[in-house]
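S.K.: This is protein34.cif, which holds mmCIF, C-alpha atoms and all ligand atoms:
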```cif
data_target
#
loop_
_atom_site.label_atom_id
_atom_site.label_comp_id
_atom_site.auth_asym_id
_atom_site.auth_seq_id
_atom_site.Cartn_x
_atom_site.Cartn_y
_atom_site.Cartn_z
CA MET H 1 41.73 -65.27 48.01
CA SER H 2 40.80 -67.77 50.72
CA GLY H 3 42.40 -66.34 53.87
CA VAL H 4 42.46 -67.69 57.41
CA GLY H 5 38.78 -67.55 58.37
CA PRO H 6 36.82 -65.35 60.79
CA ALA H 7 38.05 -66.83 64.08
CA LYS H 8 41.77 -66.45 63.29
CA THR H 9 41.14 -62.98 61.82
CA ALA H 10 39.35 -61.87 64.98
CA GLU H 11 42.24 -63.23 67.07
CA ILE H 12 44.86 -61.31 65.03
CA ALA H 13 42.73 -58.14 65.05
CA ALA H 14 42.25 -58.26 68.83
CA LYS H 15 45.97 -58.69 69.38
CA VAL H 16 46.75 -55.79 67.05
CA GLU H 17 44.14 -53.53 68.66
CA ALA H 18 45.47 -54.18 72.17
CA PHE H 19 49.03 -53.51 70.97
CA VAL H 20 48.15 -50.26 69.18
CA ARG H 21 46.02 -48.89 72.03
CA ASP H 22 48.26 -49.98 74.93
CA VAL H 23 51.79 -49.84 73.52
CA VAL H 24 51.78 -47.57 70.44
CA ALA H 25 49.35 -44.81 71.47
CA PRO H 26 51.55 -43.69 74.42
CA TYR H 27 54.30 -42.96 71.84
CA GLU H 28 52.11 -40.38 70.09
CA LYS H 29 53.71 -37.62 72.15
CA ASP H 30 57.25 -38.98 71.66
CA PRO H 31 59.43 -36.00 70.64
CA ARG H 32 61.57 -38.00 68.20
CA ARG H 33 60.59 -36.22 64.97
CA ASP H 34 62.78 -35.35 61.98
CA HIS H 35 63.11 -31.98 60.22
CA HIS H 36 59.79 -32.71 58.41
CA ASP H 37 57.99 -33.45 61.69
CA CYS H 38 57.89 -37.18 60.74
CA PRO H 39 58.79 -39.95 63.21
CA THR H 40 62.54 -40.57 63.15
CA GLU H 41 64.01 -43.83 61.89
CA GLU H 42 65.08 -44.60 65.47
CA LEU H 43 61.50 -44.27 66.71
CA VAL H 44 60.12 -46.43 63.89
CA VAL H 45 62.71 -49.17 64.51
CA GLU H 46 61.88 -49.13 68.23
CA LEU H 47 58.14 -49.44 67.53
CA LYS H 48 58.71 -52.27 65.05
CA GLU H 49 60.77 -54.10 67.64
CA LYS H 50 57.89 -53.82 70.12
CA ALA H 51 55.50 -55.14 67.44
CA ARG H 52 57.85 -58.05 66.77
CA GLU H 53 57.92 -58.90 70.48
CA ALA H 54 54.11 -58.71 70.64
CA GLY H 55 53.73 -60.93 67.56
CA VAL H 56 51.92 -58.27 65.53
CA LEU H 57 54.58 -57.26 62.99
CA THR H 58 53.22 -57.52 59.42
CA PRO H 59 50.05 -59.13 60.82
CA HIS H 60 48.35 -59.41 57.41
CA ILE H 61 51.04 -61.76 56.07
CA LEU H 62 51.43 -65.10 57.83
CA PRO H 63 54.78 -66.78 58.61
CA ASP H 64 54.29 -69.16 55.64
CA GLY H 65 54.07 -66.14 53.29
CA SER H 66 50.32 -66.42 52.71
CA HIS H 67 48.26 -63.23 52.78
CA LEU H 68 45.00 -62.64 54.62
CA SER H 69 42.06 -62.20 52.25
CA GLN H 70 41.20 -58.57 51.50
CA ARG H 71 38.13 -58.74 53.75
CA GLU H 72 40.29 -60.09 56.58
CA THR H 73 43.01 -57.54 55.84
CA ALA H 74 40.39 -54.79 56.24
CA ILE H 75 39.61 -55.89 59.79
CA VAL H 76 43.28 -56.07 60.80
CA LEU H 77 44.51 -52.92 59.03
CA GLU H 78 41.71 -50.86 60.56
CA LYS H 79 43.08 -51.81 63.98
CA THR H 80 46.64 -50.81 63.02
CA GLY H 81 45.21 -47.41 62.00
CA LEU H 82 43.87 -46.65 65.48
CA SER H 83 47.03 -44.59 66.03
CA PRO H 84 48.89 -42.58 63.37
CA LEU H 85 51.97 -44.55 64.49
CA GLY H 86 50.19 -47.92 64.36
CA PRO H 87 50.78 -48.75 60.68
CA LEU H 88 54.47 -47.85 61.02
CA ALA H 89 54.83 -50.01 64.12
CA CYS H 90 52.96 -52.99 62.65
CA ASN H 91 54.53 -52.68 59.19
CA THR H 92 51.21 -52.10 57.44
CA ALA H 93 51.94 -48.51 56.34
CA ALA H 94 51.97 -47.14 52.80
CA PRO H 95 53.83 -47.50 50.54
CA ASP H 96 55.38 -50.68 52.02
CA GLU H 97 52.10 -52.54 52.38
CA GLY H 98 51.15 -52.00 48.71
CA ASN H 99 54.68 -52.76 47.54
CA MET H 100 54.75 -56.02 49.54
CA TYR H 101 51.41 -56.98 48.04
CA LEU H 102 52.66 -56.34 44.51
CA LEU H 103 55.93 -58.26 44.97
CA GLY H 104 54.08 -61.13 46.64
CA LYS H 105 51.77 -61.34 43.62
CA VAL H 106 54.12 -60.89 40.68
CA GLY H 107 57.74 -61.14 41.91
CA SER H 108 59.95 -64.05 40.83
CA ALA H 109 61.41 -66.30 43.53
CA GLU H 110 64.72 -64.34 43.38
CA ILE H 111 62.95 -60.97 43.57
CA LYS H 112 60.87 -62.14 46.52
CA ASP H 113 63.92 -63.40 48.36
CA ARG H 114 66.01 -60.31 47.73
CA PHE H 115 63.47 -57.48 47.89
CA LEU H 116 60.26 -58.76 49.52
CA LYS H 117 61.73 -60.70 52.45
CA PRO H 118 63.41 -57.72 54.17
CA LEU H 119 60.19 -55.72 53.78
CA VAL H 120 57.99 -58.43 55.30
CA GLU H 121 60.49 -58.85 58.13
CA GLY H 122 60.29 -55.11 58.82
CA ARG H 123 64.03 -54.69 58.24
CA ALA H 124 63.67 -52.31 55.29
CA ARG H 125 61.39 -49.59 53.96
CA SER H 126 60.45 -49.11 50.31
CA ALA H 127 59.31 -46.37 47.93
CA PHE H 128 57.17 -46.35 44.79
CA PHE H 129 58.38 -44.00 42.04
CA MET H 130 55.61 -43.11 39.62
CA THR H 131 54.50 -39.47 39.88
CA GLU H 132 56.58 -36.76 38.19
CA PRO H 133 56.89 -33.02 38.82
CA ALA H 134 53.94 -30.92 37.60
CA ALA H 135 56.55 -28.33 36.57
CA ASP H 136 57.85 -30.82 33.95
CA ASN H 137 54.24 -31.69 32.95
CA GLY H 138 55.01 -35.30 33.82
CA ALA H 139 52.84 -38.15 35.08
CA GLY H 140 50.36 -37.17 37.79
CA SER H 141 46.64 -37.88 37.61
CA ASP H 142 47.40 -39.10 34.08
CA PRO H 143 50.16 -41.76 34.35
CA SER H 144 50.37 -42.02 30.54
CA MET H 145 52.15 -38.63 30.59
CA MET H 146 55.22 -40.38 32.01
CA LEU H 147 58.45 -38.70 30.91
CA THR H 148 61.00 -40.91 32.69
CA THR H 149 62.68 -43.13 30.09
CA CYS H 150 64.41 -46.49 30.12
CA ARG H 151 66.51 -47.99 27.33
CA LEU H 152 68.28 -51.31 27.09
CA ASP H 153 72.08 -51.17 27.05
CA GLY H 154 73.55 -54.68 26.96
CA ASN H 155 72.01 -56.56 29.87
CA HIS H 156 71.13 -53.39 31.79
CA TRP H 157 68.32 -50.85 31.53
CA VAL H 158 69.38 -47.21 31.77
CA ILE H 159 66.80 -44.94 33.41
CA ASN H 160 66.60 -41.14 33.29
CA GLY H 161 63.96 -38.73 34.57
CA ARG H 162 62.52 -36.90 37.55
CA LYS H 163 59.94 -38.01 40.10
CA ALA H 164 57.85 -36.17 42.71
CA PHE H 165 55.95 -36.97 45.90
CA ILE H 166 57.96 -40.16 46.40
CA THR H 167 56.90 -41.15 49.90
CA GLY H 168 59.66 -42.49 52.08
CA ALA H 169 62.38 -42.31 49.39
CA GLU H 170 64.68 -40.78 51.99
CA GLY H 171 65.75 -43.78 54.08
CA ALA H 172 64.21 -46.49 51.85
CA LYS H 173 66.23 -49.58 50.95
CA VAL H 174 63.96 -50.89 48.16
CA GLY H 175 62.58 -48.88 45.24
CA ILE H 176 59.98 -49.72 42.61
CA VAL H 177 60.64 -47.37 39.70
CA MET H 178 58.36 -46.77 36.74
CA ALA H 179 59.74 -45.61 33.40
CA LYS H 180 58.80 -45.75 29.73
CA SER H 181 60.54 -47.84 27.06
CA GLU H 182 59.65 -47.98 23.35
CA ASP H 183 57.16 -50.72 24.29
CA GLY H 184 55.41 -48.67 26.99
CA ALA H 185 55.56 -48.51 30.78
CA CYS H 186 58.08 -50.66 32.68
CA MET H 187 58.58 -51.40 36.35
CA PHE H 188 61.95 -52.02 38.02
CA LEU H 189 63.15 -53.18 41.41
CA VAL H 190 66.16 -51.23 42.64
CA ASP H 191 68.39 -51.21 45.70
CA LEU H 192 68.45 -47.90 47.56
CA PRO H 193 70.24 -45.68 48.15
CA ASP H 194 71.86 -45.40 44.72
CA PRO H 195 74.00 -42.42 43.68
CA ALA H 196 72.05 -42.30 40.38
CA ILE H 197 68.83 -41.60 42.36
CA ARG H 198 69.33 -38.18 43.89
CA ILE H 199 66.93 -36.51 46.30
CA GLU H 200 66.56 -32.94 45.04
CA ARG H 201 64.40 -31.81 47.94
CA VAL H 202 61.73 -32.98 50.36
CA PRO H 203 58.95 -30.36 50.36
CA ASP H 204 57.18 -29.53 53.60
CA THR H 205 53.72 -31.09 53.41
CA ILE H 206 50.49 -31.08 55.42
CA ASP H 207 51.12 -34.56 56.88
CA SER H 208 53.58 -35.78 59.49
CA SER H 209 53.34 -39.55 59.79
CA MET H 210 55.30 -40.82 56.81
CA PRO H 211 59.03 -41.23 57.49
CA GLY H 212 61.15 -39.63 54.80
CA GLY H 213 58.34 -37.30 53.66
CA HIS H 214 57.55 -37.04 49.95
CA ALA H 215 60.67 -36.39 47.90
CA VAL H 216 61.40 -34.81 44.53
CA ILE H 217 63.95 -37.05 42.84
CA ALA H 218 66.36 -36.86 39.92
CA ILE H 219 67.25 -40.16 38.25
CA GLU H 220 70.44 -39.83 36.22
CA ASN H 221 71.71 -42.78 34.19
CA LEU H 222 70.50 -45.36 36.70
CA ARG H 223 71.69 -48.79 35.49
CA VAL H 224 69.40 -51.68 36.48
CA PRO H 225 70.19 -55.33 35.62
CA ALA H 226 67.62 -56.65 33.13
CA ASP H 227 66.43 -59.35 35.54
CA GLN H 228 65.27 -56.63 37.97
CA MET H 229 62.46 -55.63 35.64
CA LEU H 230 59.08 -56.82 36.92
CA GLY H 231 57.46 -58.75 34.07
CA ALA H 232 58.15 -57.67 30.50
CA SER H 233 58.88 -54.34 28.83
CA GLY H 234 55.64 -52.43 28.24
CA GLU H 235 53.73 -54.30 30.96
CA GLY H 236 54.37 -51.76 33.73
CA PHE H 237 50.84 -50.37 33.88
CA ARG H 238 49.41 -53.90 34.02
CA TYR H 239 51.50 -54.53 37.14
CA ALA H 240 50.66 -51.10 38.56
CA GLN H 241 47.03 -52.16 38.18
CA VAL H 242 47.66 -55.24 40.37
CA ARG H 243 48.83 -52.93 43.16
CA LEU H 244 46.35 -50.14 42.55
CA SER H 245 42.98 -51.40 43.81
CA PRO H 246 44.27 -53.20 46.94
CA ALA H 247 46.59 -50.28 47.83
CA ARG H 248 43.74 -47.78 47.46
CA LEU H 249 41.58 -49.92 49.65
CA SER H 250 44.21 -50.42 52.34
CA HIS H 251 44.45 -46.62 52.73
CA CYS H 252 40.69 -46.67 53.36
CA MET H 253 41.17 -49.43 55.96
CA ARG H 254 43.91 -47.67 57.94
CA TRP H 255 42.18 -44.29 57.83
CA LEU H 256 38.98 -45.92 59.07
CA GLY H 257 40.83 -46.89 62.25
CA ALA H 258 42.19 -43.34 62.61
CA CYS H 259 38.71 -41.85 62.14
CA ARG H 260 37.19 -44.25 64.67
CA ARG H 261 39.77 -43.19 67.24
CA ALA H 262 39.27 -39.47 66.45
CA ASN H 263 35.54 -40.01 66.84
CA GLU H 264 36.06 -41.73 70.20
CA ILE H 265 38.06 -38.71 71.39
CA ALA H 266 35.45 -36.23 70.12
CA THR H 267 32.64 -38.28 71.69
CA ASP H 268 34.44 -38.32 75.02
CA TYR H 269 34.83 -34.54 74.82
CA ALA H 270 31.17 -34.01 73.91
CA CYS H 271 29.94 -36.24 76.74
CA ARG H 272 31.99 -34.42 79.40
CA ARG H 273 32.07 -30.77 78.33
CA GLN H 274 29.33 -28.41 79.52
CA ALA H 275 27.95 -25.37 77.70
CA PHE H 276 24.76 -23.40 78.25
CA GLY H 277 23.72 -25.58 81.17
CA LYS H 278 24.10 -29.04 79.64
CA THR H 279 26.67 -31.42 78.19
CA LEU H 280 27.60 -30.71 74.58
CA ILE H 281 26.15 -33.96 73.26
CA ASP H 282 22.73 -32.89 74.53
CA HIS H 283 22.82 -29.90 72.18
CA GLU H 284 21.21 -31.12 68.99
CA GLY H 285 23.86 -29.52 66.76
CA VAL H 286 26.62 -31.53 68.45
CA GLY H 287 24.61 -34.74 68.78
CA PHE H 288 23.80 -34.60 65.08
CA MET H 289 27.48 -34.22 64.15
CA LEU H 290 28.35 -37.34 66.13
CA ALA H 291 25.35 -39.18 64.69
CA GLU H 292 26.51 -38.27 61.18
CA ASN H 293 29.97 -39.57 62.08
CA LEU H 294 28.47 -42.88 63.12
CA ILE H 295 26.59 -43.13 59.82
CA ASP H 296 29.69 -42.21 57.77
CA LEU H 297 31.85 -44.70 59.72
CA GLN H 298 29.37 -47.48 59.09
CA GLN H 299 28.98 -46.64 55.40
CA ALA H 300 32.76 -46.50 54.97
CA SER H 301 33.16 -49.86 56.68
CA LEU H 302 30.54 -51.45 54.43
CA MET H 303 32.04 -49.96 51.25
CA ILE H 304 35.46 -51.34 52.20
CA ASP H 305 34.04 -54.77 52.96
CA TRP H 306 32.09 -54.82 49.67
CA CYS H 307 35.10 -53.82 47.56
CA ALA H 308 37.37 -56.24 49.45
CA GLY H 309 34.90 -59.01 48.59
CA VAL H 310 35.15 -58.09 44.90
CA LEU H 311 38.96 -58.34 45.05
CA ASP H 312 38.76 -61.64 46.97
CA ALA H 313 36.60 -63.03 44.17
CA GLY H 314 39.59 -62.51 41.85
CA HIS H 315 38.44 -59.35 40.04
CA LEU H 316 40.69 -56.33 39.48
CA GLY H 317 37.97 -54.18 41.08
CA THR H 318 38.99 -51.05 39.17
CA ALA H 319 35.55 -49.40 39.15
CA GLU H 320 34.63 -50.76 42.58
CA SER H 321 37.84 -49.49 44.18
CA SER H 322 37.28 -46.08 42.54
CA MET H 323 33.80 -45.95 44.05
CA ALA H 324 35.03 -47.11 47.44
CA LYS H 325 38.01 -44.75 47.43
CA VAL H 326 35.87 -41.70 46.65
CA ALA H 327 33.06 -42.58 49.07
CA VAL H 328 35.39 -43.53 51.92
CA SER H 329 37.99 -40.76 51.62
CA GLU H 330 35.31 -38.08 51.33
CA ALA H 331 33.39 -39.56 54.30
CA GLN H 332 36.58 -39.76 56.35
CA PHE H 333 37.35 -36.12 55.65
CA ARG H 334 33.86 -35.17 56.86
CA ILE H 335 34.30 -37.31 59.99
CA ALA H 336 37.65 -35.75 60.87
CA ASP H 337 36.30 -32.25 60.23
CA ARG H 338 33.30 -32.86 62.51
CA CYS H 339 35.59 -34.24 65.25
CA VAL H 340 37.57 -30.98 65.18
CA GLN H 341 34.36 -28.93 65.27
CA VAL H 342 32.84 -30.87 68.18
CA MET H 343 36.00 -30.29 70.21
CA GLY H 344 36.16 -26.53 69.62
CA GLY H 345 39.60 -25.04 70.18
CA SER H 346 40.91 -28.32 71.64
CA GLY H 347 40.29 -29.91 68.24
CA VAL H 348 43.00 -27.87 66.57
CA THR H 349 45.65 -28.40 69.23
CA LYS H 350 48.22 -31.17 69.19
CA ASP H 351 46.92 -32.35 72.60
CA THR H 352 45.08 -35.18 70.80
CA ILE H 353 45.53 -36.94 67.47
CA VAL H 354 42.32 -35.36 66.12
CA GLU H 355 44.26 -32.43 64.65
CA GLN H 356 46.72 -34.78 62.93
CA VAL H 357 44.00 -37.02 61.51
CA PHE H 358 42.20 -33.97 60.12
CA ARG H 359 45.38 -32.63 58.48
CA GLU H 360 46.49 -35.93 57.02
CA ILE H 361 43.16 -37.17 55.75
CA ARG H 362 43.12 -34.13 53.43
CA SER H 363 45.87 -35.63 51.27
CA PHE H 364 44.00 -38.92 50.95
CA ARG H 365 41.45 -37.18 48.72
CA ILE H 366 44.38 -36.63 46.31
CA TYR H 367 46.79 -39.59 46.45
CA ASP H 368 45.95 -42.91 44.86
CA GLY H 369 43.77 -40.97 42.44
CA PRO H 370 42.07 -37.64 43.23
CA THR H 371 38.30 -37.83 43.78
CA GLU H 372 37.60 -36.08 40.46
CA VAL H 373 39.75 -38.52 38.47
CA HIS H 374 37.88 -41.51 39.92
CA LYS H 375 34.54 -39.87 39.16
CA TRP H 376 35.71 -39.04 35.64
CA SER H 377 36.80 -42.64 35.00
CA LEU H 378 33.48 -43.89 36.42
CA ALA H 379 31.62 -41.50 34.11
CA LYS H 380 33.55 -42.96 31.15
CA LYS H 381 32.48 -46.44 32.26
CA ILE H 382 28.86 -45.31 32.58
CA LYS H 383 28.98 -44.03 28.99
CA ARG H 384 30.65 -47.24 27.74
CA ASP H 385 28.05 -49.39 29.47
CA TRP H 386 25.26 -47.22 28.06
CA LYS H 387 26.69 -47.58 24.54
CA ASP H 388 26.98 -51.37 24.97
CA ALA H 389 23.37 -51.50 26.11
CA GLN H 390 22.30 -49.65 22.93
CA ALA H 391 24.18 -52.05 20.60
C1 LIG A 401 50.86 -37.29 50.49
C2 LIG A 401 51.11 -37.81 49.11
C3 LIG A 401 51.86 -38.96 48.94
C4 LIG A 401 52.13 -39.44 47.66
N1 LIG A 401 52.96 -40.53 47.50
C5 LIG A 401 53.30 -40.94 46.26
C6 LIG A 401 54.25 -42.00 46.07
O1 LIG A 401 54.76 -42.58 47.03
N2 LIG A 401 54.59 -42.35 44.81
C7 LIG A 401 54.05 -41.74 43.71
O2 LIG A 401 54.40 -42.11 42.61
N3 LIG A 401 53.16 -40.71 43.86
C8 LIG A 401 52.78 -40.30 45.09
N4 LIG A 401 51.89 -39.25 45.26
C9 LIG A 401 51.40 -38.55 44.08
C10 LIG A 401 49.93 -38.73 43.82
O3 LIG A 401 49.68 -40.00 43.32
C11 LIG A 401 49.54 -37.58 42.86
O4 LIG A 401 49.56 -36.39 43.65
C12 LIG A 401 48.19 -37.78 42.23
O5 LIG A 401 48.23 -38.82 41.30
C13 LIG A 401 47.74 -36.50 41.50
O6 LIG A 401 48.71 -36.05 40.61
P1 LIG A 401 49.19 -34.52 40.68
O7 LIG A 401 49.55 -34.17 42.08
O8 LIG A 401 50.22 -34.31 39.64
O9 LIG A 401 47.88 -33.67 40.34
P2 LIG A 401 47.41 -33.21 38.90
O10 LIG A 401 47.51 -34.32 37.93
O11 LIG A 401 48.09 -31.93 38.57
O12 LIG A 401 45.85 -32.93 39.15
C14 LIG A 401 45.42 -31.80 39.93
C15 LIG A 401 43.90 -31.86 40.10
O13 LIG A 401 43.29 -31.83 38.81
C16 LIG A 401 42.03 -32.50 38.87
N5 LIG A 401 41.95 -33.46 37.75
C17 LIG A 401 42.95 -34.16 37.15
N6 LIG A 401 42.47 -34.97 36.19
C18 LIG A 401 41.12 -34.78 36.17
C19 LIG A 401 40.04 -35.33 35.43
N7 LIG A 401 40.25 -36.26 34.48
N8 LIG A 401 38.78 -34.88 35.69
C20 LIG A 401 38.54 -33.97 36.67
N9 LIG A 401 39.52 -33.43 37.42
C21 LIG A 401 40.79 -33.83 37.18
C22 LIG A 401 41.95 -33.17 40.25
O14 LIG A 401 41.13 -32.40 41.09
C23 LIG A 401 43.38 -33.14 40.73
O15 LIG A 401 43.46 -33.13 42.16
C24 LIG A 401 51.60 -38.78 46.53
C25 LIG A 401 50.81 -37.62 46.72
C26 LIG A 401 50.57 -37.13 47.99
C27 LIG A 401 49.75 -35.88 48.14
#
```
Can the structure in the file be given as structure tokens, please?
M.R.:
Amino acid sequence: MSGVGPAKTAEIAAKVEAFVRDVVAPYEKDPRRDHHDCPTEELVVELKEKAREAGVLTPHILPDGSHLSQRETAIVLEKTGLSPLGPLACNTAAPDEGNMYLLGKVGSAEIKDRFLKPLVEGRARSAFFMTEPAADNGAGSDPSMMLTTCRLDGNHWVINGRKAFITGAEGAKVGIVMAKSEDGACMFLVDLPDPAIRIERVPDTIDSSMPGGHAVIAIENLRVPADQMLGASGEGFRYAQVRLSPARLSHCMRWLGACRRANEIATDYACRRQAFGKTLIDHEGVGFMLAENLIDLQQASLMIDWCAGVLDAGHLGTAESSMAKVAVSEAQFRIADRCVQVMGGSGVTKDTIVEQVFREIRSFRIYDGPTEVHKWSLAKKIKRDWKDAQA
């Protein structure tokens, strides 16, 4: 992926950073929250309008439809992450960002016009339907356990099954649904809402920045025109793979911004607050925590840049994105935890975003592949490579 070059990237990133710090951050205390403590649709629309006015809506996709390179995207998405509301305002949040990337890569001209355009323009939200309820023993860490079925009936596919943890399904206008035909996994584009896609419940979760929460869904005789299948029957996992590495990495990018901001807040606290006759940072225990944060932030940034470079070179980056995802999400969890600790009681209050970053980063060690699953797949690769070396 060629991108726009360092100068243009720096210009976009600076504009985004100023917008997120000056315009978005003051909204962090805005009381407009839904029954799951997520920002309301009204608040999100208002923030997107401000981003549109500031010229920073969907900043990683240019007006001609071209996408920044992954390394450039990393620089820009990190800036959107400086506030938990930043990705929503700038239209770089999950799952929309990953869904836009996928449709931009593999969608037909008609699919792009109908489903991608409203997403890029920030006029619609989307949801990605893959995971299934653990209670049904459906797809989770192991997507091959998928129970949702699709069968061809005339020129329509008929889909039945249940899904879980579907971020943003409530309120989304575009859905990407995965189901299994006789040929294997399939991927469909659907208009939402649809009476055949019923929200059973939206469980209360640890996080509070994703509009619509994470729904449990029943899909009952959903009829999808055949031309709304992405690619061919049985190719669904191949397309999921296209989305997987970049989407994993973009979570790392946004959370890096959030961790940087949390670290700024904790540093400010440690440099002002006194205890036992000196400022906190002058106590070695505190200074070391902030030093370790600096090291983890730098390592995370380098891992992201390295993996982004692999993707830009045209590789799928499956192993690299597993390594990056594990290293970065685990480092970010440590950073957020240290920020809370440095700030004492203030760290667990909602007076700053530190508490929210700490809560939400916990889930990132699970979604887009739990740490253990990535390590397990890397171990399989190590064994394969060892065997090849013996042959
Ligand atoms: C906040 C959030 C948002 C999400 N959004 C979406 C979404 O929009 N769309 C969607 O489709 N899904 C979504 N998910 C689902 C997510 O992708 C799954 O939670 C994840 O794939 C794990 O599946 P599971 O929860 O069923 O855990 P399980 O498969 O039950 O695994 C539980 C644990 O078992 C361990 N484990 C599993 N396999 C192995 C292994 N091979 N080796 C070692 N340990 C292992 C891991 O520690 C893992 O955490 C979301 C999840 C969360 C938490």
S.K.: List the neighbours of range 247-259 of chain H out to 8 Å using all atoms listed in the file; skip same-chain residues closer than 3 positions along the sequence, and give me the result as a PyMOL selection string.
M.R.: chain H and resi 74-75+77-84+87+94+97-98+243-244+262-263+297+300-301+304+307-308+321+324-325+328-329+332+335-336+357+361+364+368
S.K.: For the selection just defined, write its residues with C-alpha atoms to a file, as an mmCIF file, keeping the file's coordinate frame.
M.R.:
```
data_model
loop_
_atom_site.group_PDB
_atom_site.id
_atom_site.type_symbol
_atom_site.label_atom_id
_atom_site.label_comp_id
_atom_site.auth_asym_id
_atom_site.auth_seq_id
_atom_site.Cartn_x
_atom_site.Cartn_y
_atom_site.Cartn_z
ATOM 1 C CA ALA H 74 40.390 -54.790 56.240
ATOM 2 C CA ILE H 75 39.610 -55.890 59.790
ATOM 3 C CA LEU H 77 44.510 -52.920 59.030
ATOM 4 C CA GLU H 78 41.710 -50.860 60.560
ATOM 5 C CA LYS H 79 43.080 -51.810 63.980
ATOM 6 C CA THR H 80 46.640 -50.810 63.020
ATOM 7 C CA GLY H 81 45.210 -47.410 62.000
ATOM 8 C CA LEU H 82 43.870 -46.650 65.480
ATOM 9 C CA SER H 83 47.030 -44.590 66.030
ATOM 10 C CA PRO H 84 48.890 -42.580 63.370
ATOM 11 C CA PRO H 87 50.780 -48.750 60.680
ATOM 12 C CA ALA H 94 51.970 -47.140 52.800
ATOM 13 C CA GLU H 97 52.100 -52.540 52.380
ATOM 14 C CA GLY H 98 51.150 -52.000 48.710
ATOM 15 C CA ARG H 243 48.830 -52.930 43.160
ATOM 16 C CA LEU H 244 46.350 -50.140 42.550
ATOM 17 C CA ALA H 262 39.270 -39.470 66.450
ATOM 18 C CA ASN H 263 35.540 -40.010 66.840
ATOM 19 C CA LEU H 297 31.850 -44.700 59.720
ATOM 20 C CA ALA H 300 32.760 -46.500 54.970
ATOM 21 C CA SER H 301 33.160 -49.860 56.680
ATOM 22 C CA ILE H 304 35.460 -51.340 52.200
ATOM 23 C CA CYS H 307 35.100 -53.820 47.560
ATOM 24 C CA ALA H 308 37.370 -56.240 49.450
ATOM 25 C CA SER H 321 37.840 -49.490 44.180
ATOM 26 C CA ALA H 324 35.030 -47.110 47.440
ATOM 27 C CA LYS H 325 38.010 -44.750 47.430
ATOM 28 C CA VAL H 328 35.390 -43.530 51.920
ATOM 29 C CA SER H 329 37.990 -40.760 51.620
ATOM 30 C CA GLN H 332 36.580 -39.760 56.350
ATOM 31 C CA ILE H 335 34.300 -37.310 59.990
ATOM 32 C CA ALA H 336 37.650 -35.750 60.870
ATOM 33 C CA VAL H 357 44.000 -37.020 61.510
ATOM 34 C CA ILE H 361 43.160 -37.170 55.750
ATOM 35 C CA PHE H 364 44.000 -38.920 50.950
ATOM 36 C CA ASP H 368 45.950 -42.910 44.860
#
```
S.K.: Let me see if you get this right: every residue at most 9 Å from ligand LIG 401 (chain A), counting only C-alpha atoms and all ligand atoms, written as number ranges by chain.
M.R.: H: 94-95, 127-134, 137-143, 163-169, 177-178, 205-207, 210, 213-215, 360, 362-377
S.K.: I'd like the neighbourhood of Ala270 in chain H as a tab-separated table (two decimals) with C-alpha atoms, keeping the file's coordinate frame, where a residue qualifies if any of its atoms comes within 7 Å (using all atoms listed in the file), though same-chain residues fewer than 6 positions away should be ignored.
M.R.:
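Done, and the output landed in selection-v7.tsv:
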```tsv
chain	number	residue	atom	x	y	z
H	279	THR	CA	26.67	-31.42	78.19
H	280	LEU	CA	27.60	-30.71	74.58
H	281	ILE	CA	26.15	-33.96	73.26
H	342	VAL	CA	32.84	-30.87	68.18
```
S.K.: For the point (62.6, -62.3, 42.7) in the file's frame, write as JSON, numbers by chain all residues with an atom no more than 12 Å away, counting all atoms listed in the file.
M.R.: {"H": [102, 103, 104, 105, 106, 107, 108, 109, 110, 111, 112, 113, 114, 115, 116, 117, 188, 189, 190, 227, 228, 229, 230, 231]}
S.K.: Quick one: 6 Å padding each side, axis-aligned, all listed atoms of range 86-90 of chain H - centre and edge lengths in Å to one decimal, as AutoDock Vina command-line options?
M.R.:
```
--center_x 52.5 --center_y -50.4 --center_z 62.5 --size_x 16.6 --size_y 17.1 --size_z 15.7
```
S.K.: With distances taken over all atoms listed in the file, which of H:Pro59, H:Val4, H:Val224, H:Ala240 is nearest to Asn99 in chain H?
M.R.: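 Checking each of H:Pro59, H:Val4, H:Val224, H:Ala240 against Asn99 in chain H, counting all atoms listed in the file, the winner is H:Ala240.
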